[in-house]
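Peer 1: Have a look at the structure that comes next, please.
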Amino acid sequence: MKYDDYVIRVILANNQFGITTVNDLISIKTLYLVQEEFPFIEKLIQSGDIGAIQNLTQNGIKKDNYLDIMSFTDQNAKKFIVTIYDSDALEQDPQVIEIYSC
């Protein structure tokens with residue numbers, strides 16, 4: 001199964017928005033997951049500042065946990081951003097952290 005297929009499966013299984021279809025799933029930015037940075041990233045997501053998210057950089061941080069920030073539309077063409085947790089661990093499937101309505 002492809003990464004995007006896993007992400008779609010977890011979005012459909014874990015959402016409070018009544019999402020039944022995931023269209024146009026696009027990765028905005030993938031970063032190492034640093035817990036201390038997440039509140040700042042979340043504020044950028046909530047404000048809809050996609051450009052600032054795309055321009056985020058991390059200096060010298062190497063971890064085996066990742067934060068993928070993706071956008072998609074649902075069956076009604078409503079836009080969403082989803083944060084996904086992933087890990088280098090082979091038994092770990094991607095997990096939804098949060099879905100944000102745009």
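In the structure tokens, the first chain shown is A, the next is B, and so on; residue numbers restart at 1 for each chain, and ligands run from 1 in the order shown.
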Name the residues in contact with Tyr32 in chain A at a cut-off of 10 Å, using only C-alpha atoms, excluding same-chain residues fewer than 4 positions from it; report them as a list in words.
Peer 2: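 Close residues of Tyr32 in chain A: Glu37, Thr57, Gln58, Ile61, Lys62, Lys63, Asp64, Asn65, Tyr66, Leu67, Asp68, Tyr85, Asp86 and Ser87 of chain A.
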Peer 1: Which of range 31-64 of chain A end up as alpha helix (DSSP H) when DSSP is run on this backbone - answer as a VMD selection string?
Peer 2: chain A and resid 38 to 47 50 to 54
Peer 1: For the residues selected in the previous step, produce a file with all heavy atoms as a CSV table (one decimal), in the first residue's frame.
Peer 2:
```csv
chain,number,residue,atom,x,y,z
A,38,PHE,N,5.7,22.1,17.5
A,38,PHE,CA,4.4,21.8,17.0
A,38,PHE,C,3.3,22.9,17.3
A,38,PHE,O,2.6,23.3,16.4
A,38,PHE,CB,3.8,20.5,17.5
A,38,PHE,CG,2.6,20.0,16.8
A,38,PHE,CD1,2.7,19.5,15.5
A,38,PHE,CD2,1.3,20.2,17.4
A,38,PHE,CE1,1.5,19.1,14.8
A,38,PHE,CE2,0.2,19.8,16.8
A,38,PHE,CZ,0.3,19.3,15.5
A,39,PRO,N,3.3,23.5,18.5
A,39,PRO,CA,2.3,24.6,18.7
A,39,PRO,C,2.5,25.8,17.7
A,39,PRO,O,1.5,26.3,17.2
A,39,PRO,CB,2.6,25.1,20.1
A,39,PRO,CG,3.2,23.9,20.8
A,39,PRO,CD,4.0,23.2,19.7
A,40,PHE,N,3.7,26.1,17.3
A,40,PHE,CA,4.0,27.2,16.4
A,40,PHE,C,3.5,26.8,15.0
A,40,PHE,O,2.8,27.5,14.3
A,40,PHE,CB,5.5,27.5,16.3
A,40,PHE,CG,5.8,28.4,15.2
A,40,PHE,CD1,5.5,29.8,15.3
A,40,PHE,CD2,6.5,28.0,14.1
A,40,PHE,CE1,5.8,30.7,14.3
A,40,PHE,CE2,6.8,28.9,13.0
A,40,PHE,CZ,6.5,30.2,13.1
A,41,ILE,N,3.8,25.5,14.6
A,41,ILE,CA,3.3,25.0,13.3
A,41,ILE,C,1.8,25.0,13.3
A,41,ILE,O,1.2,25.3,12.3
A,41,ILE,CB,3.9,23.6,13.0
A,41,ILE,CG1,5.4,23.7,12.9
A,41,ILE,CG2,3.3,22.9,11.8
A,41,ILE,CD1,6.2,22.4,12.9
A,42,GLU,N,1.2,24.6,14.4
A,42,GLU,CA,-0.3,24.5,14.4
A,42,GLU,C,-0.9,25.9,14.2
A,42,GLU,O,-1.9,26.0,13.6
A,42,GLU,CB,-0.7,23.9,15.8
A,42,GLU,CG,-2.2,23.5,15.8
A,42,GLU,CD,-2.5,22.6,17.0
A,42,GLU,OE1,-2.0,22.9,18.1
A,42,GLU,OE2,-3.3,21.7,16.8
A,43,LYS,N,-0.3,26.9,14.8
A,43,LYS,CA,-0.8,28.3,14.6
A,43,LYS,C,-0.7,28.7,13.2
A,43,LYS,O,-1.6,29.4,12.7
A,43,LYS,CB,0.0,29.3,15.5
A,43,LYS,CG,-0.4,29.2,17.0
A,43,LYS,CD,0.4,30.2,17.8
A,43,LYS,CE,0.0,30.0,19.3
A,43,LYS,NZ,0.8,30.6,20.2
A,44,LEU,N,0.4,28.3,12.5
A,44,LEU,CA,0.5,28.6,11.0
A,44,LEU,C,-0.6,27.9,10.2
A,44,LEU,O,-1.2,28.5,9.3
A,44,LEU,CB,1.8,28.2,10.5
A,44,LEU,CG,3.1,29.0,11.0
A,44,LEU,CD1,4.3,28.4,10.4
A,44,LEU,CD2,3.0,30.4,10.7
A,45,ILE,N,-0.9,26.7,10.6
A,45,ILE,CA,-2.0,25.9,9.9
A,45,ILE,C,-3.3,26.6,10.2
A,45,ILE,O,-4.1,26.9,9.2
A,45,ILE,CB,-2.0,24.5,10.4
A,45,ILE,CG1,-0.7,23.7,10.0
A,45,ILE,CG2,-3.3,23.8,9.9
A,45,ILE,CD1,-0.6,22.4,10.6
A,46,GLN,N,-3.6,26.9,11.4
A,46,GLN,CA,-4.9,27.5,11.8
A,46,GLN,C,-5.1,28.9,11.1
A,46,GLN,O,-6.2,29.3,10.8
A,46,GLN,CB,-5.0,27.6,13.3
A,46,GLN,CG,-5.2,26.3,13.9
A,46,GLN,CD,-5.1,26.3,15.4
A,46,GLN,OE1,-4.4,27.2,16.0
A,46,GLN,NE2,-5.6,25.3,16.1
A,47,SER,N,-4.0,29.6,10.9
A,47,SER,CA,-4.1,30.9,10.2
A,47,SER,C,-4.1,30.8,8.7
A,47,SER,O,-4.3,31.8,8.0
A,47,SER,CB,-2.9,31.8,10.7
A,47,SER,OG,-1.7,31.4,10.1
A,50,ILE,N,0.0,28.9,4.4
A,50,ILE,CA,0.7,27.8,3.7
A,50,ILE,C,2.1,28.2,3.2
A,50,ILE,O,3.0,27.4,3.3
A,50,ILE,CB,-0.1,27.4,2.4
A,50,ILE,CG1,-1.6,27.0,2.8
A,50,ILE,CG2,0.5,26.3,1.7
A,50,ILE,CD1,-1.7,25.9,3.8
A,51,GLY,N,2.3,29.4,2.8
A,51,GLY,CA,3.6,29.9,2.4
A,51,GLY,C,4.6,29.7,3.5
A,51,GLY,O,5.8,29.3,3.3
A,52,ALA,N,4.3,30.2,4.7
A,52,ALA,CA,5.2,30.1,5.9
A,52,ALA,C,5.4,28.6,6.3
A,52,ALA,O,6.5,28.3,6.6
A,52,ALA,CB,4.6,30.8,7.1
A,53,ILE,N,4.4,27.8,6.1
A,53,ILE,CA,4.6,26.3,6.4
A,53,ILE,C,5.6,25.8,5.4
A,53,ILE,O,6.5,25.0,5.8
A,53,ILE,CB,3.3,25.6,6.3
A,53,ILE,CG1,2.3,26.1,7.4
A,53,ILE,CG2,3.5,24.1,6.4
A,53,ILE,CD1,0.9,25.6,7.3
A,54,GLN,N,5.5,26.1,4.1
A,54,GLN,CA,6.4,25.6,3.1
A,54,GLN,C,7.8,26.1,3.3
A,54,GLN,O,8.8,25.4,2.9
A,54,GLN,CB,5.9,26.0,1.7
A,54,GLN,CG,4.6,25.2,1.3
A,54,GLN,CD,4.0,25.8,0.0
A,54,GLN,OE1,4.1,27.0,-0.3
A,54,GLN,NE2,3.4,24.9,-0.7
```
Peer 1: List the spatial neighbours of Ser101 in chain A as a PyMOL selection string - criterion: any atom at most 9 Å away, only C-alpha atoms, same-chain residues fewer than 6 positions off excluded.
Peer 2: chain A and resi 17+46+78-82
Peer 1: Any idea what the distance is between CA of Gln75 in chain A and CA of Gln92 in chain A?
Peer 2: 28.2 Å
Peer 1: Could you name the residues that touch Asn14 in chain A at 9 Å or less, counting only C-alpha atoms, but leaving out those on the same chain fewer than 3 positions away, as number ranges by chain?
Peer 2: A: 9-11, 96, 99
Peer 1: Do you know which residues are at most 12 Å from range 4-8 of chain A counting only C-alpha atoms, after dropping those on the same chain fewer than 2 positions away, and could you put them as a ChimeraX atom specification?
Peer 2: /A:1-2,10-15,19-27,68-74,82-86,92-97,99
Peer 1: Report, in Å with one decimal, the straight-line distance from CA of Asp88 in chain A to CA of Gln16 in chain A.
Peer 2: 27.9 Å
Peer 1: Just to confirm, what's the straight-line distance from CA of Ile28 in chain A to CA of Ala89 in chain A in Å (one decimal)?
Peer 2: 22.8 Å
Peer 1: Based on DSSP run over this structure's backbone, return all residues of range 50-89 of chain A in strand (DSSP E or B), as a PyMOL selection string.
Peer 2: chain A and resi 65-73+79-87
